[in-house]
Structure formats: structure tokens, C-alpha cells
>>> print(open('start-v3.pdb').read())   # PDB, C-alpha atoms
ATOM      1  CA  SER A  22      92.429 -63.201 -73.344
ATOM      2  CA  GLN A  23      89.690 -60.646 -73.779
ATOM      3  CA  THR A  24      89.534 -57.570 -71.597
ATOM      4  CA  ILE A  25      87.228 -54.589 -71.456
ATOM      5  CA  HIS A  26      88.287 -51.165 -70.250
ATOM      6  CA  GLN A  27      85.920 -48.439 -69.201
ATOM      7  CA  TRP A  28      86.839 -44.991 -67.928
ATOM      8  CA  PRO A  29      86.679 -42.860 -65.957
ATOM      9  CA  ALA A  30      85.556 -44.744 -62.868
ATOM     10  CA  THR A  31      83.837 -41.719 -61.359
ATOM     11  CA  LEU A  32      82.798 -38.392 -62.799
ATOM     12  CA  VAL A  33      81.098 -35.308 -61.375
ATOM     13  CA  GLN A  34      79.788 -32.929 -64.009
ATOM     14  CA  PRO A  35      77.651 -29.771 -63.850
ATOM     15  CA  VAL A  36      74.258 -29.617 -65.506
ATOM     16  CA  GLY A  37      74.583 -28.501 -69.113
ATOM     17  CA  SER A  38      78.141 -29.738 -69.557
ATOM     18  CA  PRO A  39      79.131 -32.283 -72.215
ATOM     19  CA  LEU A  40      79.896 -35.929 -71.545
ATOM     20  CA  SER A  41      82.176 -38.486 -73.134
ATOM     21  CA  LEU A  42      82.583 -41.985 -71.712
ATOM     22  CA  GLU A  43      84.839 -44.416 -73.462
ATOM     23  CA  CYS A  44      84.896 -48.183 -73.599
ATOM     24  CA  THR A  45      87.441 -50.342 -75.382
ATOM     25  CA  VAL A  46      87.717 -54.094 -75.797
ATOM     26  CA  GLU A  47      90.901 -56.067 -76.368
ATOM     27  CA  GLY A  48      91.494 -59.589 -77.546
ATOM     28  CA  THR A  49      88.489 -60.051 -79.799
ATOM     29  CA  SER A  50      87.248 -58.860 -83.176
ATOM     30  CA  ASN A  51      83.848 -57.562 -84.218
ATOM     31  CA  PRO A  52      82.274 -57.763 -80.776
ATOM     32  CA  ASN A  53      78.729 -56.677 -80.060
ATOM     33  CA  LEU A  54      78.969 -53.652 -77.772
ATOM     34  CA  TYR A  55      76.445 -52.276 -75.286
ATOM     35  CA  TRP A  56      75.872 -49.279 -73.035
ATOM     36  CA  TYR A  57      73.640 -49.715 -70.003
ATOM     37  CA  ARG A  58      72.623 -47.312 -67.272
ATOM     38  CA  GLN A  59      71.739 -48.310 -63.762
ATOM     39  CA  ALA A  60      70.002 -45.695 -61.638
ATOM     40  CA  ALA A  61      70.339 -45.963 -57.857
ATOM     41  CA  GLY A  62      68.480 -49.006 -56.594
ATOM     42  CA  ARG A  63      67.164 -49.839 -60.053
ATOM     43  CA  GLY A  64      67.769 -52.447 -62.714
ATOM     44  CA  LEU A  65      69.736 -52.174 -65.936
ATOM     45  CA  GLN A  66      68.433 -49.979 -68.717
ATOM     46  CA  LEU A  67      69.827 -50.718 -72.182
ATOM     47  CA  LEU A  68      70.764 -47.420 -73.838
ATOM     48  CA  PHE A  69      72.587 -48.387 -77.031
ATOM     49  CA  TYR A  70      74.034 -51.408 -78.720
ATOM     50  CA  SER A  71      76.212 -51.914 -81.765
ATOM     51  CA  VAL A  72      76.845 -54.971 -83.919
ATOM     52  CA  GLY A  73      79.520 -53.317 -86.066
ATOM     53  CA  ILE A  74      81.453 -50.132 -86.830
ATOM     54  CA  GLY A  75      79.078 -47.246 -87.389
ATOM     55  CA  GLN A  76      76.014 -49.363 -86.522
ATOM     56  CA  ILE A  77      74.215 -48.022 -83.470
ATOM     57  CA  SER A  78      70.803 -49.035 -82.193
ATOM     58  CA  SER A  79      69.149 -46.740 -79.699
ATOM     59  CA  GLU A  80      66.785 -48.255 -77.195
ATOM     60  CA  VAL A  81      65.711 -45.183 -75.261
ATOM     61  CA  PRO A  82      65.316 -41.717 -76.805
ATOM     62  CA  GLN A  83      67.059 -39.135 -74.650
ATOM     63  CA  ASN A  84      69.846 -36.602 -74.784
ATOM     64  CA  LEU A  85      72.549 -39.257 -75.005
ATOM     65  CA  SER A  86      74.213 -40.581 -78.146
ATOM     66  CA  ALA A  87      76.688 -43.330 -78.916
ATOM     67  CA  SER A  88      79.343 -43.850 -81.558
ATOM     68  CA  ARG A  89      81.577 -46.684 -82.620
ATOM     69  CA  PRO A  90      84.464 -45.137 -84.517
ATOM     70  CA  GLN A  91      86.583 -48.300 -84.378
ATOM     71  CA  ASP A  92      85.783 -51.993 -84.137
ATOM     72  CA  ARG A  93      86.571 -52.228 -80.437
ATOM     73  CA  GLN A  94      85.736 -48.728 -79.251
ATOM     74  CA  PHE A  95      82.346 -47.575 -78.049
ATOM     75  CA  ILE A  96      81.726 -44.017 -76.885
ATOM     76  CA  LEU A  97      78.764 -42.605 -74.986
ATOM     77  CA  SER A  98      78.234 -38.858 -75.320
ATOM     78  CA  SER A  99      75.979 -36.008 -74.410
ATOM     79  CA  LYS A 100      76.074 -32.390 -75.507
ATOM     80  CA  LYS A 101      74.279 -31.099 -72.391
ATOM     81  CA  LEU A 102      73.865 -33.200 -69.274
ATOM     82  CA  LEU A 103      70.678 -33.228 -67.223
ATOM     83  CA  LEU A 104      70.332 -34.061 -63.541
ATOM     84  CA  SER A 105      68.435 -37.183 -64.572
ATOM     85  CA  ASP A 106      71.528 -38.450 -66.410
ATOM     86  CA  SER A 107      73.150 -39.323 -63.095
ATOM     87  CA  GLY A 108      73.696 -43.027 -62.653
ATOM     88  CA  PHE A 109      76.062 -45.920 -63.032
ATOM     89  CA  TYR A 110      77.012 -46.504 -66.672
ATOM     90  CA  LEU A 111      78.135 -49.925 -67.757
ATOM     91  CA  CYS A 112      79.720 -50.982 -71.008
ATOM     92  CA  ALA A 113      79.629 -54.630 -72.093
ATOM     93  CA  TRP A 114      80.651 -56.791 -75.012
ATOM     94  CA  SER A 115      79.525 -60.140 -76.344
ATOM     95  CA  ALA A 116      80.236 -62.485 -79.224
ATOM     96  CA  GLY A 117      77.111 -64.037 -80.709
ATOM     97  CA  GLN A 118      75.194 -66.115 -78.189
ATOM     98  CA  GLY A 119      77.830 -65.771 -75.519
ATOM     99  CA  GLY A 120      77.092 -64.065 -72.258
ATOM    100  CA  TYR A 121      78.111 -60.498 -71.748
ATOM    101  CA  THR A 122      81.367 -59.337 -70.214
ATOM    102  CA  PHE A 123      80.908 -56.060 -68.387
ATOM    103  CA  GLY A 124      83.311 -53.247 -67.687
ATOM    104  CA  SER A 125      83.791 -51.957 -64.173
ATOM    105  CA  GLY A 126      81.405 -49.056 -64.682
ATOM    106  CA  THR A 127      81.441 -45.259 -64.460
ATOM    107  CA  ARG A 128      79.623 -43.523 -61.623
ATOM    108  CA  LEU A 129      78.309 -40.237 -63.081
ATOM    109  CA  THR A 130      76.930 -37.559 -60.796
ATOM    110  CA  VAL A 131      75.405 -34.506 -62.435
ATOM    111  CA  VAL A 132      75.252 -31.526 -60.077
TER     112      VAL A 132
ATOM    113  CA  GLY B  26      56.449 -59.789 -74.277
ATOM    114  CA  GLU B  27      60.018 -59.283 -73.151
ATOM    115  CA  ASP B  28      59.656 -59.100 -69.381
ATOM    116  CA  VAL B  29      62.004 -60.893 -67.049
ATOM    117  CA  GLU B  30      60.686 -60.746 -63.506
ATOM    118  CA  GLN B  31      62.509 -61.221 -60.218
ATOM    119  CA  SER B  32      61.696 -60.476 -56.626
ATOM    120  CA  LEU B  33      63.641 -57.443 -55.467
ATOM    121  CA  PHE B  34      64.934 -58.587 -52.081
ATOM    122  CA  LEU B  35      65.979 -61.776 -50.311
ATOM    123  CA  SER B  36      67.461 -62.127 -46.852
ATOM    124  CA  VAL B  37      69.019 -65.341 -45.549
ATOM    125  CA  ARG B  38      71.169 -66.424 -42.627
ATOM    126  CA  GLU B  39      74.778 -67.383 -43.174
ATOM    127  CA  GLY B  40      75.057 -71.108 -43.811
ATOM    128  CA  ASP B  41      71.506 -71.457 -45.124
ATOM    129  CA  SER B  42      70.615 -71.993 -48.774
ATOM    130  CA  SER B  43      69.433 -69.076 -50.899
ATOM    131  CA  VAL B  44      66.998 -69.508 -53.751
ATOM    132  CA  ILE B  45      66.551 -66.660 -56.193
ATOM    133  CA  ASN B  46      63.692 -67.000 -58.643
ATOM    134  CA  CYS B  47      63.120 -65.572 -62.089
ATOM    135  CA  THR B  48      60.325 -65.818 -64.629
ATOM    136  CA  TYR B  49      60.526 -64.919 -68.298
ATOM    137  CA  THR B  50      57.990 -64.666 -71.056
ATOM    138  CA  ASP B  51      59.776 -65.486 -74.313
ATOM    139  CA  SER B  52      59.508 -69.183 -75.141
ATOM    140  CA  SER B  53      62.169 -68.793 -77.841
ATOM    141  CA  SER B  54      64.862 -68.051 -75.264
ATOM    142  CA  THR B  55      67.968 -70.090 -75.970
ATOM    143  CA  TYR B  56      70.287 -69.294 -73.073
ATOM    144  CA  LEU B  57      69.450 -68.063 -69.598
ATOM    145  CA  TYR B  58      72.056 -66.382 -67.435
ATOM    146  CA  TRP B  59      72.725 -65.409 -63.855
ATOM    147  CA  TYR B  60      74.926 -62.412 -63.133
ATOM    148  CA  LYS B  61      76.238 -61.128 -59.811
ATOM    149  CA  GLN B  62      76.868 -57.444 -59.058
ATOM    150  CA  GLU B  63      78.806 -56.471 -55.960
ATOM    151  CA  PRO B  64      78.516 -52.881 -54.681
ATOM    152  CA  GLY B  65      80.039 -50.332 -57.039
ATOM    153  CA  ALA B  66      81.161 -52.950 -59.535
ATOM    154  CA  GLY B  67      80.148 -54.227 -62.932
ATOM    155  CA  LEU B  68      78.212 -57.432 -63.477
ATOM    156  CA  GLN B  69      80.001 -60.759 -63.312
ATOM    157  CA  LEU B  70      78.692 -63.788 -65.170
ATOM    158  CA  LEU B  71      78.031 -66.495 -62.592
ATOM    159  CA  THR B  72      76.545 -69.279 -64.646
ATOM    160  CA  TYR B  73      74.240 -69.969 -67.561
ATOM    161  CA  ILE B  74      72.015 -72.758 -68.788
ATOM    162  CA  PHE B  75      70.999 -73.759 -72.272
ATOM    163  CA  SER B  76      67.260 -73.991 -72.814
ATOM    164  CA  ASN B  77      67.314 -77.740 -73.529
ATOM    165  CA  MET B  78      68.696 -78.448 -70.057
ATOM    166  CA  ASP B  79      66.722 -78.511 -66.830
ATOM    167  CA  MET B  80      69.529 -78.386 -64.298
ATOM    168  CA  LYS B  81      73.121 -77.289 -64.050
ATOM    169  CA  GLN B  82      75.350 -77.520 -60.994
ATOM    170  CA  ASP B  83      78.597 -75.670 -60.431
ATOM    171  CA  GLN B  84      80.076 -76.023 -56.946
ATOM    172  CA  ARG B  85      77.693 -74.193 -54.579
ATOM    173  CA  LEU B  86      75.465 -72.997 -57.408
ATOM    174  CA  THR B  87      72.533 -74.949 -58.833
ATOM    175  CA  VAL B  88      70.440 -73.611 -61.677
ATOM    176  CA  LEU B  89      67.019 -75.116 -62.296
ATOM    177  CA  LEU B  90      65.027 -74.417 -65.447
ATOM    178  CA  ASN B  91      61.352 -75.205 -65.912
ATOM    179  CA  LYS B  92      60.830 -74.374 -69.538
ATOM    180  CA  LYS B  93      57.125 -75.218 -69.476
ATOM    181  CA  ASP B  94      56.509 -72.629 -66.748
ATOM    182  CA  LYS B  95      59.280 -70.308 -67.986
ATOM    183  CA  HIS B  96      60.792 -70.331 -64.513
ATOM    184  CA  LEU B  97      64.480 -70.174 -63.654
ATOM    185  CA  SER B  98      66.034 -70.391 -60.220
ATOM    186  CA  LEU B  99      69.486 -70.020 -58.719
ATOM    187  CA  ARG B 100      70.237 -71.900 -55.537
ATOM    188  CA  ILE B 101      73.302 -70.973 -53.505
ATOM    189  CA  ALA B 102      74.240 -73.616 -50.959
ATOM    190  CA  ASP B 103      75.902 -72.696 -47.653
ATOM    191  CA  THR B 104      75.409 -68.975 -48.300
ATOM    192  CA  GLN B 105      78.290 -66.787 -47.099
ATOM    193  CA  THR B 106      78.483 -63.072 -46.322
ATOM    194  CA  GLY B 107      80.521 -62.673 -49.507
ATOM    195  CA  ASP B 108      77.482 -63.781 -51.473
ATOM    196  CA  SER B 109      75.698 -60.537 -50.542
ATOM    197  CA  ALA B 110      75.120 -58.794 -53.870
ATOM    198  CA  ILE B 111      72.508 -58.118 -56.518
ATOM    199  CA  TYR B 112      71.731 -61.092 -58.738
ATOM    200  CA  PHE B 113      70.385 -60.540 -62.248
ATOM    201  CA  CYS B 114      68.603 -63.059 -64.386
ATOM    202  CA  ALA B 115      68.854 -62.578 -68.164
ATOM    203  CA  GLU B 116      67.579 -64.329 -71.266
ATOM    204  CA  SER B 117      68.852 -64.392 -74.818
ATOM    205  CA  ARG B 118      66.924 -64.986 -77.998
ATOM    206  CA  ASN B 119      67.663 -67.051 -81.082
ATOM    207  CA  SER B 120      69.550 -64.254 -82.760
ATOM    208  CA  GLY B 121      73.008 -63.722 -81.364
ATOM    209  CA  ASN B 122      72.755 -60.035 -82.152
ATOM    210  CA  THR B 123      69.656 -59.400 -80.057
ATOM    211  CA  PRO B 124      70.512 -57.840 -76.684
ATOM    212  CA  LEU B 125      69.963 -59.841 -73.548
ATOM    213  CA  VAL B 126      66.859 -58.989 -71.577
ATOM    214  CA  PHE B 127      67.689 -58.490 -67.897
ATOM    215  CA  GLY B 128      65.493 -58.677 -64.851
ATOM    216  CA  LYS B 129      65.605 -55.835 -62.328
ATOM    217  CA  GLY B 130      67.841 -57.818 -60.003
ATOM    218  CA  THR B 131      67.393 -59.455 -56.602
ATOM    219  CA  ARG B 132      69.330 -57.942 -53.711
ATOM    220  CA  LEU B 133      70.577 -60.794 -51.517
ATOM    221  CA  SER B 134      71.460 -59.888 -47.941
ATOM    222  CA  VAL B 135      73.276 -62.480 -45.871
ATOM    223  CA  ILE B 136      72.919 -62.129 -42.110
ATOM    224  CA  ALA B 137      75.818 -63.402 -40.023
TER     225      ALA B 137
END
>>> encode(input="start-v3.pdb", output="C-alpha cells")
Amino acid sequence: SQTIHQWPATLVQPVGSPLSLECTVEGTSNPNLYWYRQAAGRGLQLLFYSVGIGQISSEVPQNLSASRPQDRQFILSSKKLLLSDSGFYLCAWSAGQGGYTFGSGTRLTVV
Amino acid sequence: GEDVEQSLFLSVREGDSSVINCTYTDSSSTYLYWYKQEPGAGLQLLTYIFSNMDMKQDQRLTVLLNKKDKHLSLRIADTQTGDSAIYFCAESRNSGNTPLVFGKGTRLSVIA
């Protein structure tokens, strides 16, 4: 069966520090992968998605970046965090027209 | 346009039915989804409907689709306190590689 792992669950980082959030999927090949951010009390904002290794589409220009070094690994990064980067980050995967399966999320607080 | 619209809040009494509404703008949508998000958790797929259907029932959940009006609804029968969550509507397009478009979510509060 397919599973998606996202870590860490919570993270408190100072302004200006780097960020690396990792997401891995098991039990499937060539999934579509997604990073979303959910600010407090707000909806989902699509940040990046990837349809294959090394293929990254950015939806919102900001100081975040994403990479897909392996088929089932999706990494969200920042060189210098801003206060406005705080939020709940969700990774998800899908196969074609299928619905998304979401990870359990990372709560990031930038202080 | 790509907007998916939902009302932000809904409050119901335990045991009553809840109806969460959603409108979308893209007539080429193929699948429409309902997701549930409990506090501090990721989103869980509740149910989905293919665009050539007008109704789908799954236990306490009933999805109604009016394709002409681009209106989707989720009815929860006999609403329980455990149904309190945020419910997201989402649509997909013809291409399987195009990301889903999500609404902003409806926060359902169930009053005991």
C-alpha cells in the first residue's frame, strides 16, 4: 500500500535561518508531488508541484524552493526564512486523475 | 477562471444534517472531491464524484452535483461532534498532471 511520510511534525526556526522539509512516498512509482502551505485560518496555497524527477513547477514566487532529487522524494527549502513563512506545510502525492493523498503536515513557526 | 468558492463557516446541532456548498467555474472539470481536515492534521479524502454523475451516496455522506450550475454539495446526515472539521471542495481538470484547485474550506462546528 502507498504511504506518505512528512517530517518534522513541528519546527521553530529563527528569522534568517535555512529550512529543509522532506517528504517521501512509498509504494508507488512516478507520483505527482505537491507542496502546499496553509496559513492560520486560511485555505491551501499551492507552492510547488512536480510531475517527475527534476521537474518543478512554481506557483508562487517567494523565498522558497523545491527539489525532487529522487522519484519519491520532494524537498522544500529556504535559504533565509521570513516571519511570513510561518504556517502549516503539507506534502501530497497523486497518480494521474486520482485524488491527492496528504502527509500529516509540518507546523513551522518562524520567530 | 479557476475559482472554487465555499462559505467559510457552518454551524449545526448534533443529529441534524449538514450541507456544505461549493461552486466552481471550470466546465471542463472531470472529478470533484471533498476533503476533511481535522485540527492539526493533513487532509483526508472523504469522497469524490465524476462529472458525468449527479449524485453519489456513501453511508452518511451524499454528494450532489449540478453540472449546469457548476454547484457541488456535501450532505452529512446525523451530524456528530466528530464531524467538526474543515471541509475542502476541489476540482480536477482533464489533464491528470494539472494540480487540483481547492476552495478555501468550510469550517463545520457541531453543537452538542
>>> closest_atom_pairs(input="start-v3.pdb", of="chain B", to="chain A", cutoff="8 Å", atoms="all atoms listed in the file", output="CSV")
residue,atom,partner,partner_atom,distance
B:Tyr56,CA,A:Gln118,CA,7.8
B:Tyr58,CA,A:Gly120,CA,7.3
B:Gly65,CA,A:Gly126,CA,7.9
B:Ala66,CA,A:Ser125,CA,5.4
B:Gly67,CA,A:Ser125,CA,4.5
B:Leu68,CA,A:Phe123,CA,5.8
B:Gln69,CA,A:Phe123,CA,7.0
B:Leu70,CA,A:Thr122,CA,7.2
B:Ser117,CA,A:Gln118,CA,7.4
B:Ser120,CA,A:Gln118,CA,7.5
B:Gly121,CA,A:Gly117,CA,4.2
B:Asn122,CA,A:Gly117,CA,6.1
B:Pro124,CA,A:Tyr70,CA,7.6
B:Phe127,CA,A:Leu65,CA,6.9
B:Gly128,CA,A:Gly64,CA,7.0
B:Lys129,CA,A:Gly64,CA,4.0
B:Gly130,CA,A:Gly64,CA,6.0
>>> write_last_selection(input="start-v3.pdb", atoms="C-alpha atoms", output="PDB file, in the frame of the given file")
ATOM      1  CA  TYR B  56      70.287 -69.294 -73.073  1.00  0.00           C
ATOM      2  CA  TYR B  58      72.056 -66.382 -67.435  1.00  0.00           C
ATOM      3  CA  GLY B  65      80.039 -50.332 -57.039  1.00  0.00           C
ATOM      4  CA  ALA B  66      81.161 -52.950 -59.535  1.00  0.00           C
ATOM      5  CA  GLY B  67      80.148 -54.227 -62.932  1.00  0.00           C
ATOM      6  CA  LEU B  68      78.212 -57.432 -63.477  1.00  0.00           C
ATOM      7  CA  GLN B  69      80.001 -60.759 -63.312  1.00  0.00           C
ATOM      8  CA  LEU B  70      78.692 -63.788 -65.170  1.00  0.00           C
ATOM      9  CA  SER B 117      68.852 -64.392 -74.818  1.00  0.00           C
ATOM     10  CA  SER B 120      69.550 -64.254 -82.760  1.00  0.00           C
ATOM     11  CA  GLY B 121      73.008 -63.722 -81.364  1.00  0.00           C
ATOM     12  CA  ASN B 122      72.755 -60.035 -82.152  1.00  0.00           C
ATOM     13  CA  PRO B 124      70.512 -57.840 -76.684  1.00  0.00           C
ATOM     14  CA  PHE B 127      67.689 -58.490 -67.897  1.00  0.00           C
ATOM     15  CA  GLY B 128      65.493 -58.677 -64.851  1.00  0.00           C
ATOM     16  CA  LYS B 129      65.605 -55.835 -62.328  1.00  0.00           C
ATOM     17  CA  GLY B 130      67.841 -57.818 -60.003  1.00  0.00           C
TER      18      GLY B 130
END
>>> atom_distance(input="start-v3.pdb", atom1="CA of Leu129 in chain A", atom2="CA of Asp106 in chain A")
7.8 Å
>>> atom_distance(input="start-v3.pdb", atom1="CA of Gly40 in chain B", atom2="CA of Gln62 in chain B")
20.6 Å
>>> resolve_selection(input="start-v3.pdb", expression="the PyMOL selection byres ((chain B and resi 132) around 6)", output="short mmCIF file (atom, residue, chain, number, x, y, z; two decimals) with C-alpha atoms, in the coordinates of the input")
data_model
loop_
_atom_site.label_atom_id
_atom_site.label_comp_id
_atom_site.auth_asym_id
_atom_site.auth_seq_id
_atom_site.Cartn_x
_atom_site.Cartn_y
_atom_site.Cartn_z
CA LEU B 33 63.64 -57.44 -55.47
CA PHE B 34 64.93 -58.59 -52.08
CA ALA B 110 75.12 -58.79 -53.87
CA ILE B 111 72.51 -58.12 -56.52
CA THR B 131 67.39 -59.46 -56.60
CA LEU B 133 70.58 -60.79 -51.52
#
>>> residues_around(input="start-v3.pdb", residues="Leu90 in chain B", least_positions_apart="4", cutoff="8 Å", atoms="all atoms listed in the file", output="ChimeraX atom specification")
/B:74,76,78-80,95-98
>>> atom_distance(input="start-v3.pdb", atom1="CA of Val88 in chain B", atom2="CA of Arg100 in chain B")
6.4 Å
>>> residues_around(input="start-v3.pdb", residues="Gly75 in chain A", least_positions_apart="4", cutoff="8 Å", atoms="all atoms listed in the file", output="list in words")
Ser71, Ser88, Arg89 and Pro90 of chain A
>>> write_last_selection(input="start-v3.pdb", atoms="C-alpha atoms", output="mmCIF file, keeping the file's coordinate frame")
data_model
loop_
_atom_site.group_PDB
_atom_site.id
_atom_site.type_symbol
_atom_site.label_atom_id
_atom_site.label_comp_id
_atom_site.auth_asym_id
_atom_site.auth_seq_id
_atom_site.Cartn_x
_atom_site.Cartn_y
_atom_site.Cartn_z
ATOM 1 C CA SER A 71 76.212 -51.914 -81.765
ATOM 2 C CA SER A 88 79.343 -43.850 -81.558
ATOM 3 C CA ARG A 89 81.577 -46.684 -82.620
ATOM 4 C CA PRO A 90 84.464 -45.137 -84.517
#
>>> axis_aligned_box(input="start-v3.pdb", around="range 51-60 of chain B", padding_each_side="6 Å", output="JSON")
{"center_x": 67.2, "center_y": -66.3, "center_z": -70.5, "size_x": 27.4, "size_y": 19.7, "size_z": 26.7}
>>> residues_around(input="start-v3.pdb", residues="Asp51 in chain B", least_positions_apart="4", cutoff="12 Å", atoms="all atoms listed in the file", output="list in words")
Gly26, Glu27, Asp28, Val29, Glu30, Thr55, Tyr56, Leu57, Ser76, Lys92, Lys93, Asp94, Lys95, His96, Ala115, Glu116, Ser117, Arg118, Asn119, Leu125 and Val126 of chain B
>>> closest_residue(input="start-v3.pdb", among="A:Gln94, A:Ser86, A:Ser107, A:Ser99", to="Trp28 in chain A", atoms="all atoms listed in the file")
A:Gln94
>>> resolve_selection(input="start-v3.pdb", expression="the PyMOL selection byres ((chain A and resi 83) around 12)", output="PDB file with C-alpha atoms, keeping the file's coordinate frame")
ATOM      1  CA  LEU A  68      70.764 -47.420 -73.838  1.00  0.00           C
ATOM      2  CA  PHE A  69      72.587 -48.387 -77.031  1.00  0.00           C
ATOM      3  CA  SER A  79      69.149 -46.740 -79.699  1.00  0.00           C
ATOM      4  CA  GLU A  80      66.785 -48.255 -77.195  1.00  0.00           C
ATOM      5  CA  VAL A  81      65.711 -45.183 -75.261  1.00  0.00           C
ATOM      6  CA  PRO A  82      65.316 -41.717 -76.805  1.00  0.00           C
ATOM      7  CA  ASN A  84      69.846 -36.602 -74.784  1.00  0.00           C
ATOM      8  CA  LEU A  85      72.549 -39.257 -75.005  1.00  0.00           C
ATOM      9  CA  SER A  86      74.213 -40.581 -78.146  1.00  0.00           C
ATOM     10  CA  ALA A  87      76.688 -43.330 -78.916  1.00  0.00           C
ATOM     11  CA  SER A  98      78.234 -38.858 -75.320  1.00  0.00           C
ATOM     12  CA  SER A  99      75.979 -36.008 -74.410  1.00  0.00           C
ATOM     13  CA  LYS A 100      76.074 -32.390 -75.507  1.00  0.00           C
ATOM     14  CA  LYS A 101      74.279 -31.099 -72.391  1.00  0.00           C
ATOM     15  CA  LEU A 102      73.865 -33.200 -69.274  1.00  0.00           C
ATOM     16  CA  LEU A 103      70.678 -33.228 -67.223  1.00  0.00           C
ATOM     17  CA  SER A 105      68.435 -37.183 -64.572  1.00  0.00           C
ATOM     18  CA  ASP A 106      71.528 -38.450 -66.410  1.00  0.00           C
TER      19      ASP A 106
END
>>> residues_near_point(input="start-v3.pdb", point="(71.6, -71.2, -44.3)", cutoff="12 Å", atoms="all atoms listed in the file", output="list in words")
Ser36, Val37, Arg38, Glu39, Gly40, Asp41, Ser42, Ser43, Val44, Arg100, Ile101, Ala102, Asp103, Thr104, Gln105, Thr106, Asp108, Ser134, Val135, Ile136 and Ala137 of chain B
>>> closest_residue(input="start-v3.pdb", among="A:Thr24, A:Ser38, A:Trp114, A:Thr31", to="Asn51 in chain A", atoms="all atoms listed in the file")
A:Trp114
>>> residues_around(input="start-v3.pdb", residues="Thr87 in chain B", least_positions_apart="2", cutoff="6 Å", atoms="all atoms listed in the file", output="compact mmCIF listing (two decimals) with C-alpha atoms, keeping the file's coordinate frame")
# COMPACT_ATOMS: atom_id res chain seq x y z
CA LYS B 81 73.12 -77.29 -64.05
CA GLN B 82 75.35 -77.52 -60.99
CA LEU B 99 69.49 -70.02 -58.72
CA ARG B 100 70.24 -71.90 -55.54
>>> resolve_selection(input="start-v3.pdb", expression="the PyMOL selection byres ((chain A and resi 41) around 6)", output="ChimeraX atom specification")
/A:40,42,97-98
>>> closest_residue(input="start-v3.pdb", among="A:Val132, A:Cys44, A:Ile77, A:Ile25", to="Leu104 in chain A", atoms="only C-alpha atoms")
A:Val132
>>> decode(input="start-v3.pdb", residues="range 50-56 of chain B", atoms="all heavy atoms", output="tab-separated table (two decimals), in the first residue's frame")
chain	number	residue	atom	x	y	z
B	50	THR	N	-15.85	27.10	-11.40
B	50	THR	CA	-16.04	27.87	-12.63
B	50	THR	C	-15.62	27.12	-13.89
B	50	THR	O	-16.03	27.49	-14.99
B	50	THR	CB	-15.24	29.18	-12.58
B	50	THR	OG1	-13.86	28.88	-12.35
B	50	THR	CG2	-15.76	30.08	-11.46
B	51	ASP	N	-14.82	26.05	-13.74
B	51	ASP	CA	-14.27	25.41	-14.94
B	51	ASP	C	-15.20	24.28	-15.41
B	51	ASP	O	-15.33	23.26	-14.74
B	51	ASP	CB	-12.88	24.86	-14.64
B	51	ASP	CG	-12.13	24.48	-15.91
B	51	ASP	OD1	-12.77	24.03	-16.88
B	51	ASP	OD2	-10.92	24.66	-15.93
B	52	SER	N	-15.82	24.47	-16.55
B	52	SER	CA	-16.77	23.47	-17.05
B	52	SER	C	-16.07	22.20	-17.53
B	52	SER	O	-16.73	21.20	-17.78
B	52	SER	CB	-17.60	24.07	-18.19
B	52	SER	OG	-16.74	24.52	-19.22
B	53	SER	N	-14.74	22.25	-17.66
B	53	SER	CA	-14.02	21.04	-18.10
B	53	SER	C	-13.62	20.14	-16.94
B	53	SER	O	-12.93	19.15	-17.13
B	53	SER	CB	-12.77	21.44	-18.89
B	53	SER	OG	-11.83	22.05	-18.04
B	54	SER	N	-14.05	20.49	-15.73
B	54	SER	CA	-13.71	19.67	-14.57
B	54	SER	C	-14.17	18.24	-14.79
B	54	SER	O	-15.28	17.99	-15.25
B	54	SER	CB	-14.37	20.23	-13.31
B	54	SER	OG	-13.86	21.51	-13.02
B	55	THR	N	-13.31	17.30	-14.43
B	55	THR	CA	-13.65	15.89	-14.62
B	55	THR	C	-14.06	15.23	-13.32
B	55	THR	O	-15.04	14.52	-13.25
B	55	THR	CB	-12.45	15.15	-15.23
B	55	THR	OG1	-11.30	15.40	-14.44
B	55	THR	CG2	-12.21	15.61	-16.66
B	56	TYR	N	-13.27	15.43	-12.27
B	56	TYR	CA	-13.61	14.91	-10.96
B	56	TYR	C	-13.74	16.07	-9.97
B	56	TYR	O	-13.04	17.07	-10.08
B	56	TYR	CB	-12.51	13.98	-10.44
B	56	TYR	CG	-12.48	12.61	-11.09
B	56	TYR	CD1	-11.71	12.39	-12.22
B	56	TYR	CD2	-13.21	11.55	-10.56
B	56	TYR	CE1	-11.67	11.14	-12.82
B	56	TYR	CE2	-13.17	10.30	-11.16
B	56	TYR	CZ	-12.41	10.10	-12.28
B	56	TYR	OH	-12.38	8.87	-12.87
